[in-house]
Amino acid sequence: MRKLTVAAFISLDSVIQAPGGPQEDTDGGFRFGGWVVPYADEDFGQAMGELFSQPFELLLGRRTYDIFAAYWPGVQADSEDHGIAELFNSVPKHVATHQVATLKWQNSRALKGNLVDAIRALKQQDGPRLLTQGSGHLVRQLLAAGLVDELRLITFPILLGRGKRLFDDKGQPSAFTLVHSSSTPGGLLINCYERSGEVRTGSFM
């Protein structure tokens, strides 16, 4: 059985919408697209390199897939993004979509049937971990179904006030253990949490 990792850039108020650019996702009149970019320093790059250093296959929602498919295949060999582009272009990509014919990015395949059942079946297979980047709607479904084994969150020191959020009130109650934590001079918190069982409660009374 393989691990399912959710990786996300997240604001202090849990917003994950349009981290990479102004036109990435303007739904709801969101006007802060590209909020990650001012923090993209060497430490940020090292964190991303660590995230992608172990074998993985991508698990993506359709909107994130379309954003990635429009960018990564066109990255030039002399670009600083070339290494990640090679990885993303070569690995299998499992996509939550009903529009199978439009999956033109190499090594892309649509998840068939019930989404949760399809992902549960993927996890039962042998192979590298499943890595979800972005894909907020998909992630919320994964959390509701209790399918997330690991959360890798890079928290940025900003409040965005509005926008699509990573967490809602439908997530399956679960305990997670903090297995790694670091910070950068730019104020980023880089945390890795592993699922560790049921939520425990107690009383001070």
# chains A, B, ... in the order shown; residues from 1 in each chain; ligands from 1
>>> residues_around(residues="Arg152 (chain A)", least_positions_apart="3", cutoff="8 Å", atoms="only C-alpha atoms", output="list of chain:residue names")
A:Thr5, A:Val6, A:Ala7, A:Ala8, A:Ile190, A:Asn191, A:Cys192, A:Tyr193
>>> write_last_selection(atoms="N, CA and C atoms", output="PDB file, in the first residue's frame")
ATOM      1  N   THR A   5       0.296  11.759  -0.192  1.00  0.00           N
ATOM      2  CA  THR A   5       0.801  12.999   0.386  1.00  0.00           C
ATOM      3  C   THR A   5       0.107  14.193  -0.242  1.00  0.00           C
ATOM      4  N   VAL A   6      -0.382  15.086   0.580  1.00  0.00           N
ATOM      5  CA  VAL A   6      -0.923  16.362   0.113  1.00  0.00           C
ATOM      6  C   VAL A   6       0.110  17.436   0.414  1.00  0.00           C
ATOM      7  N   ALA A   7       0.550  18.139  -0.633  1.00  0.00           N
ATOM      8  CA  ALA A   7       1.478  19.258  -0.474  1.00  0.00           C
ATOM      9  C   ALA A   7       0.748  20.536  -0.862  1.00  0.00           C
ATOM     10  N   ALA A   8       0.925  21.581  -0.065  1.00  0.00           N
ATOM     11  CA  ALA A   8       0.194  22.815  -0.341  1.00  0.00           C
ATOM     12  C   ALA A   8       0.953  24.033   0.151  1.00  0.00           C
ATOM     13  N   ILE A 190       7.769  25.372   7.268  1.00  0.00           N
ATOM     14  CA  ILE A 190       7.732  24.170   6.430  1.00  0.00           C
ATOM     15  C   ILE A 190       7.507  22.981   7.351  1.00  0.00           C
ATOM     16  N   ASN A 191       6.298  22.440   7.330  1.00  0.00           N
ATOM     17  CA  ASN A 191       5.911  21.395   8.268  1.00  0.00           C
ATOM     18  C   ASN A 191       5.446  20.145   7.545  1.00  0.00           C
ATOM     19  N   CYS A 192       5.831  19.013   8.083  1.00  0.00           N
ATOM     20  CA  CYS A 192       5.380  17.721   7.569  1.00  0.00           C
ATOM     21  C   CYS A 192       4.651  16.977   8.688  1.00  0.00           C
ATOM     22  N   TYR A 193       3.393  16.598   8.422  1.00  0.00           N
ATOM     23  CA  TYR A 193       2.564  15.892   9.390  1.00  0.00           C
ATOM     24  C   TYR A 193       2.191  14.517   8.834  1.00  0.00           C
TER      25      TYR A 193
END
>>> residues_around(residues="region 119-123 of chain A", least_positions_apart="6", cutoff="8 Å", atoms="only C-alpha atoms", output="PyMOL selection string")
chain A and resi 1-4+111+130+147
>>> closest_atom_pairs(of="region 127-185 of chain A", to="region 12-22 of chain A", cutoff="6 Å", atoms="only C-alpha atoms", output="CSV")
residue,atom,partner,partner_atom,distance
A:Ile158,CA,A:Leu12,CA,5.8
A:Leu159,CA,A:Leu12,CA,5.5
A:Gly163,CA,A:Val15,CA,5.7
A:Lys164,CA,A:Gln17,CA,5.2
A:Arg165,CA,A:Val15,CA,4.2
A:Leu166,CA,A:Ser14,CA,5.8
>>> closest_residue(among="A:Leu189, A:Val95, A:His82, A:Gly34", to="Pro157 (chain A)", atoms="only C-alpha atoms")
A:Leu189
>>> residues_around(residues="region 177-186 of chain A", least_positions_apart="6", cutoff="8 Å", atoms="only C-alpha atoms", output="PyMOL selection string")
chain A and resi 39+41+43-44+192-196
>>> select_by_dssp(residues="chain A", states="strand (DSSP E or B)", output="number ranges by chain")
A: 4-11, 15, 56-61, 93-96, 108-110, 129-133, 150-156, 165, 175-183, 189-197
>>> residues_around(residues="Val91 (chain A)", least_positions_apart="4", cutoff="7 Å", atoms="only C-alpha atoms", output="PyMOL selection string")
chain A and resi 57+87+107
>>> write_last_selection(atoms="N, CA and C atoms", output="mmCIF file, in the first residue's frame")
data_model
loop_
_atom_site.group_PDB
_atom_site.id
_atom_site.type_symbol
_atom_site.label_atom_id
_atom_site.label_comp_id
_atom_site.auth_asym_id
_atom_site.auth_seq_id
_atom_site.Cartn_x
_atom_site.Cartn_y
_atom_site.Cartn_z
ATOM 1 N N GLU A 57 4.037 9.752 -7.982
ATOM 2 C CA GLU A 57 3.130 9.953 -9.093
ATOM 3 C C GLU A 57 2.171 11.061 -8.703
ATOM 4 N N LEU A 87 10.672 16.049 -14.268
ATOM 5 C CA LEU A 87 9.971 15.130 -13.382
ATOM 6 C C LEU A 87 8.471 15.104 -13.679
ATOM 7 N N ASN A 107 1.619 10.829 -20.284
ATOM 8 C CA ASN A 107 1.485 9.976 -19.100
ATOM 9 C C ASN A 107 0.332 10.387 -18.193
#
>>> residues_around(residues="Ser135 (chain A)", least_positions_apart="2", cutoff="10 Å", atoms="only C-alpha atoms", output="MDAnalysis selection string")
chainID A and resid 6:8 16:17 59:65 96 132:133 137:140 166
>>> write_last_selection(atoms="N, CA, C and O atoms", output="mmCIF file, in the first residue's frame")
data_model
loop_
_atom_site.group_PDB
_atom_site.id
_atom_site.type_symbol
_atom_site.label_atom_id
_atom_site.label_comp_id
_atom_site.auth_asym_id
_atom_site.auth_seq_id
_atom_site.Cartn_x
_atom_site.Cartn_y
_atom_site.Cartn_z
ATOM 1 N N VAL A 6 -0.382 15.086 0.580
ATOM 2 C CA VAL A 6 -0.923 16.362 0.113
ATOM 3 C C VAL A 6 0.110 17.436 0.414
ATOM 4 O O VAL A 6 0.510 17.618 1.558
ATOM 5 N N ALA A 7 0.550 18.139 -0.633
ATOM 6 C CA ALA A 7 1.478 19.258 -0.474
ATOM 7 C C ALA A 7 0.748 20.536 -0.862
ATOM 8 O O ALA A 7 0.033 20.572 -1.855
ATOM 9 N N ALA A 8 0.925 21.581 -0.065
ATOM 10 C CA ALA A 8 0.194 22.815 -0.341
ATOM 11 C C ALA A 8 0.953 24.033 0.151
ATOM 12 O O ALA A 8 1.640 23.995 1.176
ATOM 13 N N ILE A 16 -5.487 28.795 -0.261
ATOM 14 C CA ILE A 16 -4.532 28.169 -1.179
ATOM 15 C C ILE A 16 -4.756 28.630 -2.622
ATOM 16 O O ILE A 16 -4.066 28.157 -3.529
ATOM 17 N N GLN A 17 -5.658 29.541 -2.851
ATOM 18 C CA GLN A 17 -6.038 29.930 -4.208
ATOM 19 C C GLN A 17 -4.942 30.729 -4.899
ATOM 20 O O GLN A 17 -4.373 31.653 -4.340
ATOM 21 N N LEU A 59 -1.281 13.121 -8.370
ATOM 22 C CA LEU A 59 -2.730 12.958 -8.255
ATOM 23 C C LEU A 59 -3.321 14.356 -8.252
ATOM 24 O O LEU A 59 -3.086 15.124 -7.308
ATOM 25 N N LEU A 60 -4.072 14.710 -9.302
ATOM 26 C CA LEU A 60 -4.456 16.096 -9.510
ATOM 27 C C LEU A 60 -5.939 16.270 -9.780
ATOM 28 O O LEU A 60 -6.569 15.425 -10.432
ATOM 29 N N GLY A 61 -6.485 17.386 -9.296
ATOM 30 C CA GLY A 61 -7.791 17.822 -9.724
ATOM 31 C C GLY A 61 -7.700 18.420 -11.113
ATOM 32 O O GLY A 61 -6.608 18.770 -11.584
ATOM 33 N N ARG A 62 -8.842 18.586 -11.776
ATOM 34 C CA ARG A 62 -8.801 19.003 -13.175
ATOM 35 C C ARG A 62 -8.267 20.428 -13.359
ATOM 36 O O ARG A 62 -7.506 20.693 -14.297
ATOM 37 N N ARG A 63 -8.637 21.356 -12.495
ATOM 38 C CA ARG A 63 -8.162 22.730 -12.669
ATOM 39 C C ARG A 63 -6.645 22.803 -12.530
ATOM 40 O O ARG A 63 -5.959 23.436 -13.341
ATOM 41 N N THR A 64 -6.103 22.162 -11.497
ATOM 42 C CA THR A 64 -4.655 22.169 -11.307
ATOM 43 C C THR A 64 -3.960 21.452 -12.461
ATOM 44 O O THR A 64 -2.908 21.897 -12.943
ATOM 45 N N TYR A 65 -4.546 20.359 -12.913
ATOM 46 C CA TYR A 65 -3.980 19.648 -14.066
ATOM 47 C C TYR A 65 -3.865 20.580 -15.265
ATOM 48 O O TYR A 65 -2.819 20.635 -15.934
ATOM 49 N N ALA A 96 -8.587 13.655 -11.720
ATOM 50 C CA ALA A 96 -10.022 13.604 -11.429
ATOM 51 C C ALA A 96 -10.752 14.412 -12.499
ATOM 52 O O ALA A 96 -10.808 15.640 -12.436
ATOM 53 N N THR A 132 -0.293 14.953 -4.241
ATOM 54 C CA THR A 132 -1.273 15.936 -4.678
ATOM 55 C C THR A 132 -0.740 17.329 -4.396
ATOM 56 O O THR A 132 -0.399 17.649 -3.262
ATOM 57 N N GLN A 133 -0.658 18.142 -5.445
ATOM 58 C CA GLN A 133 -0.180 19.515 -5.333
ATOM 59 C C GLN A 133 -1.337 20.428 -5.735
ATOM 60 O O GLN A 133 -1.966 20.230 -6.782
ATOM 61 N N HIS A 137 -10.214 21.365 -4.261
ATOM 62 C CA HIS A 137 -11.483 20.632 -4.206
ATOM 63 C C HIS A 137 -11.230 19.141 -4.015
ATOM 64 O O HIS A 137 -11.897 18.479 -3.208
ATOM 65 N N LEU A 138 -10.254 18.607 -4.744
ATOM 66 C CA LEU A 138 -9.906 17.197 -4.604
ATOM 67 C C LEU A 138 -9.391 16.906 -3.203
ATOM 68 O O LEU A 138 -9.776 15.909 -2.584
ATOM 69 N N VAL A 139 -8.533 17.766 -2.684
ATOM 70 C CA VAL A 139 -7.958 17.535 -1.355
ATOM 71 C C VAL A 139 -9.041 17.484 -0.293
ATOM 72 O O VAL A 139 -9.005 16.641 0.611
ATOM 73 N N ARG A 140 -10.015 18.373 -0.391
ATOM 74 C CA ARG A 140 -11.095 18.353 0.601
ATOM 75 C C ARG A 140 -11.881 17.043 0.546
ATOM 76 O O ARG A 140 -12.311 16.526 1.586
ATOM 77 N N LEU A 166 -7.943 25.425 2.049
ATOM 78 C CA LEU A 166 -7.563 24.018 2.039
ATOM 79 C C LEU A 166 -8.528 23.176 2.866
ATOM 80 O O LEU A 166 -8.900 22.076 2.468
#
>>> closest_residue(among="A:Phe204, A:Phe167, A:Trp105, A:Phe88", to="Ala69 (chain A)", atoms="only C-alpha atoms")
A:Trp105
>>> residues_around(residues="Gln23 (chain A)", least_positions_apart="5", cutoff="12 Å", atoms="only C-alpha atoms", output="list in words")
Gln17, Ala18, Gly29, Phe30, Arg31, Phe32, Gly33, Gly34, Trp35 and Ile67 of chain A
>>> select_by_dssp(residues="chain A", states="alpha helix (DSSP H)", output="PyMOL selection string")
chain A and resi 42-51+62-71+82-90+115-124+136-144
>>> write_last_selection(atoms="C-alpha atoms", output="mmCIF file, in the first residue's frame")
data_model
loop_
_atom_site.group_PDB
_atom_site.id
_atom_site.type_symbol
_atom_site.label_atom_id
_atom_site.label_comp_id
_atom_site.auth_asym_id
_atom_site.auth_seq_id
_atom_site.Cartn_x
_atom_site.Cartn_y
_atom_site.Cartn_z
ATOM 1 C CA GLU A 42 16.755 29.834 -2.030
ATOM 2 C CA ASP A 43 15.265 28.268 1.100
ATOM 3 C CA PHE A 44 11.921 27.916 -0.643
ATOM 4 C CA GLY A 45 13.661 26.236 -3.575
ATOM 5 C CA GLN A 46 15.387 23.778 -1.262
ATOM 6 C CA ALA A 47 12.063 22.866 0.335
ATOM 7 C CA MET A 48 10.560 22.180 -3.078
ATOM 8 C CA GLY A 49 13.573 20.107 -4.066
ATOM 9 C CA GLU A 50 13.134 17.989 -0.946
ATOM 10 C CA LEU A 51 9.445 17.480 -1.709
ATOM 11 C CA ARG A 62 -8.801 19.003 -13.175
ATOM 12 C CA ARG A 63 -8.162 22.730 -12.669
ATOM 13 C CA THR A 64 -4.655 22.169 -11.307
ATOM 14 C CA TYR A 65 -3.980 19.648 -14.066
ATOM 15 C CA ASP A 66 -4.889 22.211 -16.729
ATOM 16 C CA ILE A 67 -2.651 24.849 -15.099
ATOM 17 C CA PHE A 68 0.276 22.414 -14.926
ATOM 18 C CA ALA A 69 -0.305 21.050 -18.447
ATOM 19 C CA ALA A 70 -0.227 24.576 -19.863
ATOM 20 C CA TYR A 71 3.139 25.304 -18.252
ATOM 21 C CA HIS A 82 13.848 22.474 -15.971
ATOM 22 C CA GLY A 83 14.540 19.803 -13.329
ATOM 23 C CA ILE A 84 11.017 19.842 -11.930
ATOM 24 C CA ALA A 85 9.606 20.067 -15.467
ATOM 25 C CA GLU A 86 11.411 16.865 -16.433
ATOM 26 C CA LEU A 87 9.971 15.130 -13.382
ATOM 27 C CA PHE A 88 6.416 16.366 -13.883
ATOM 28 C CA ASN A 89 6.455 15.569 -17.594
ATOM 29 C CA SER A 90 7.693 12.011 -17.086
ATOM 30 C CA LEU A 115 -13.507 9.086 -7.301
ATOM 31 C CA VAL A 116 -12.943 7.966 -3.714
ATOM 32 C CA ASP A 117 -13.048 4.291 -4.688
ATOM 33 C CA ALA A 118 -10.633 4.889 -7.560
ATOM 34 C CA ILE A 119 -8.116 6.626 -5.303
ATOM 35 C CA ARG A 120 -8.498 3.996 -2.614
ATOM 36 C CA ALA A 121 -7.701 1.366 -5.263
ATOM 37 C CA LEU A 122 -4.647 3.354 -6.400
ATOM 38 C CA LYS A 123 -3.359 3.387 -2.838
ATOM 39 C CA GLN A 124 -3.652 -0.390 -2.652
ATOM 40 C CA GLY A 136 -8.107 22.151 -3.312
ATOM 41 C CA HIS A 137 -11.483 20.632 -4.206
ATOM 42 C CA LEU A 138 -9.906 17.197 -4.604
ATOM 43 C CA VAL A 139 -7.958 17.535 -1.355
ATOM 44 C CA ARG A 140 -11.095 18.353 0.601
ATOM 45 C CA GLN A 141 -12.687 15.157 -0.750
ATOM 46 C CA LEU A 142 -9.591 13.177 0.226
ATOM 47 C CA LEU A 143 -9.673 14.600 3.749
ATOM 48 C CA ALA A 144 -13.387 13.833 4.072
#
>>> closest_residue(among="A:Gly113, A:Gly187, A:Gly197, A:Pro92", to="Val148 (chain A)", atoms="only C-alpha atoms")
A:Gly197
>>> residues_around(residues="Glu198 (chain A)", least_positions_apart="4", cutoff="8 Å", atoms="only C-alpha atoms", output="list in words")
Pro173, Ser174 and Ala175 of chain A
>>> closest_residue(among="A:Asp149, A:Pro73, A:Thr97, A:Arg109", to="Arg129 (chain A)", atoms="only C-alpha atoms")
A:Asp149
>>> closest_residue(among="A:Ser203, A:Ala145, A:Asp168, A:Leu131", to="Phe52 (chain A)", atoms="only C-alpha atoms")
A:Leu131
>>> closest_residue(among="A:His98, A:Gly127, A:Ala77, A:Val199", to="Asn114 (chain A)", atoms="only C-alpha atoms")
A:His98
>>> decode(residues="region 17-108 of chain A", atoms="C-alpha atoms", output="compact mmCIF listing (two decimals), in the first residue's frame")
# COMPACT_ATOMS: atom_id res chain seq x y z
CA GLN A 17 -6.04 29.93 -4.21
CA ALA A 18 -3.78 31.10 -7.06
CA PRO A 19 -0.39 31.01 -5.34
CA GLY A 20 1.60 31.13 -8.57
CA GLY A 21 0.31 34.08 -10.59
CA PRO A 22 -2.36 36.78 -11.02
CA GLN A 23 -4.34 34.87 -13.68
CA GLU A 24 -4.00 31.38 -12.21
CA ASP A 25 -7.45 31.38 -10.59
CA THR A 26 -9.54 34.54 -10.32
CA ASP A 27 -12.77 32.85 -9.19
CA GLY A 28 -14.77 34.97 -6.79
CA GLY A 29 -12.87 38.07 -7.80
CA PHE A 30 -9.70 36.85 -6.08
CA ARG A 31 -7.09 39.59 -6.56
CA PHE A 32 -4.00 38.30 -4.76
CA GLY A 33 -2.86 35.73 -7.32
CA GLY A 34 0.90 35.18 -7.10
CA TRP A 35 1.19 35.64 -3.35
CA VAL A 36 3.90 32.97 -3.13
CA VAL A 37 6.24 34.66 -5.60
CA PRO A 38 7.77 37.33 -3.27
CA TYR A 39 8.87 34.55 -0.91
CA ALA A 40 10.44 32.28 -3.56
CA ASP A 41 14.01 32.46 -2.28
CA GLU A 42 16.75 29.83 -2.03
CA ASP A 43 15.27 28.27 1.10
CA PHE A 44 11.92 27.92 -0.64
CA GLY A 45 13.66 26.24 -3.58
CA GLN A 46 15.39 23.78 -1.26
CA ALA A 47 12.06 22.87 0.33
CA MET A 48 10.56 22.18 -3.08
CA GLY A 49 13.57 20.11 -4.07
CA GLU A 50 13.13 17.99 -0.95
CA LEU A 51 9.45 17.48 -1.71
CA PHE A 52 10.23 16.06 -5.14
CA SER A 53 13.38 14.14 -4.17
CA GLN A 54 11.62 10.81 -3.62
CA PRO A 55 9.73 8.85 -6.34
CA PHE A 56 6.12 9.93 -6.79
CA GLU A 57 3.13 9.95 -9.09
CA LEU A 58 0.91 13.02 -9.36
CA LEU A 59 -2.73 12.96 -8.26
CA LEU A 60 -4.46 16.10 -9.51
CA GLY A 61 -7.79 17.82 -9.72
CA ARG A 62 -8.80 19.00 -13.18
CA ARG A 63 -8.16 22.73 -12.67
CA THR A 64 -4.65 22.17 -11.31
CA TYR A 65 -3.98 19.65 -14.07
CA ASP A 66 -4.89 22.21 -16.73
CA ILE A 67 -2.65 24.85 -15.10
CA PHE A 68 0.28 22.41 -14.93
CA ALA A 69 -0.31 21.05 -18.45
CA ALA A 70 -0.23 24.58 -19.86
CA TYR A 71 3.14 25.30 -18.25
CA TRP A 72 5.43 22.35 -17.56
CA PRO A 73 5.67 20.79 -21.06
CA GLY A 74 6.91 24.12 -22.44
CA VAL A 75 9.70 24.75 -19.92
CA GLN A 76 13.00 25.27 -21.75
CA ALA A 77 16.20 23.36 -20.98
CA ASP A 78 17.95 26.50 -19.72
CA SER A 79 15.16 27.38 -17.27
CA GLU A 80 15.68 27.07 -13.50
CA ASP A 81 12.46 25.03 -13.52
CA HIS A 82 13.85 22.47 -15.97
CA GLY A 83 14.54 19.80 -13.33
CA ILE A 84 11.02 19.84 -11.93
CA ALA A 85 9.61 20.07 -15.47
CA GLU A 86 11.41 16.86 -16.43
CA LEU A 87 9.97 15.13 -13.38
CA PHE A 88 6.42 16.37 -13.88
CA ASN A 89 6.46 15.57 -17.59
CA SER A 90 7.69 12.01 -17.09
CA VAL A 91 5.76 10.74 -14.04
CA PRO A 92 2.27 9.21 -14.29
CA LYS A 93 -0.51 11.73 -13.64
CA HIS A 94 -3.84 10.52 -12.23
CA VAL A 95 -6.55 13.09 -12.90
CA ALA A 96 -10.02 13.60 -11.43
CA THR A 97 -11.95 14.41 -14.62
CA HIS A 98 -14.78 13.23 -16.85
CA GLN A 99 -13.16 14.75 -19.95
CA VAL A 100 -10.78 11.92 -20.80
CA ALA A 101 -10.19 12.98 -24.41
CA THR A 102 -8.67 16.30 -23.35
CA LEU A 103 -5.85 14.82 -21.27
CA LYS A 104 -3.06 15.64 -23.71
CA TRP A 105 -0.12 15.91 -21.29
CA GLN A 106 2.05 12.82 -21.58
CA ASN A 107 1.48 9.98 -19.10
CA SER A 108 -1.91 11.32 -18.01
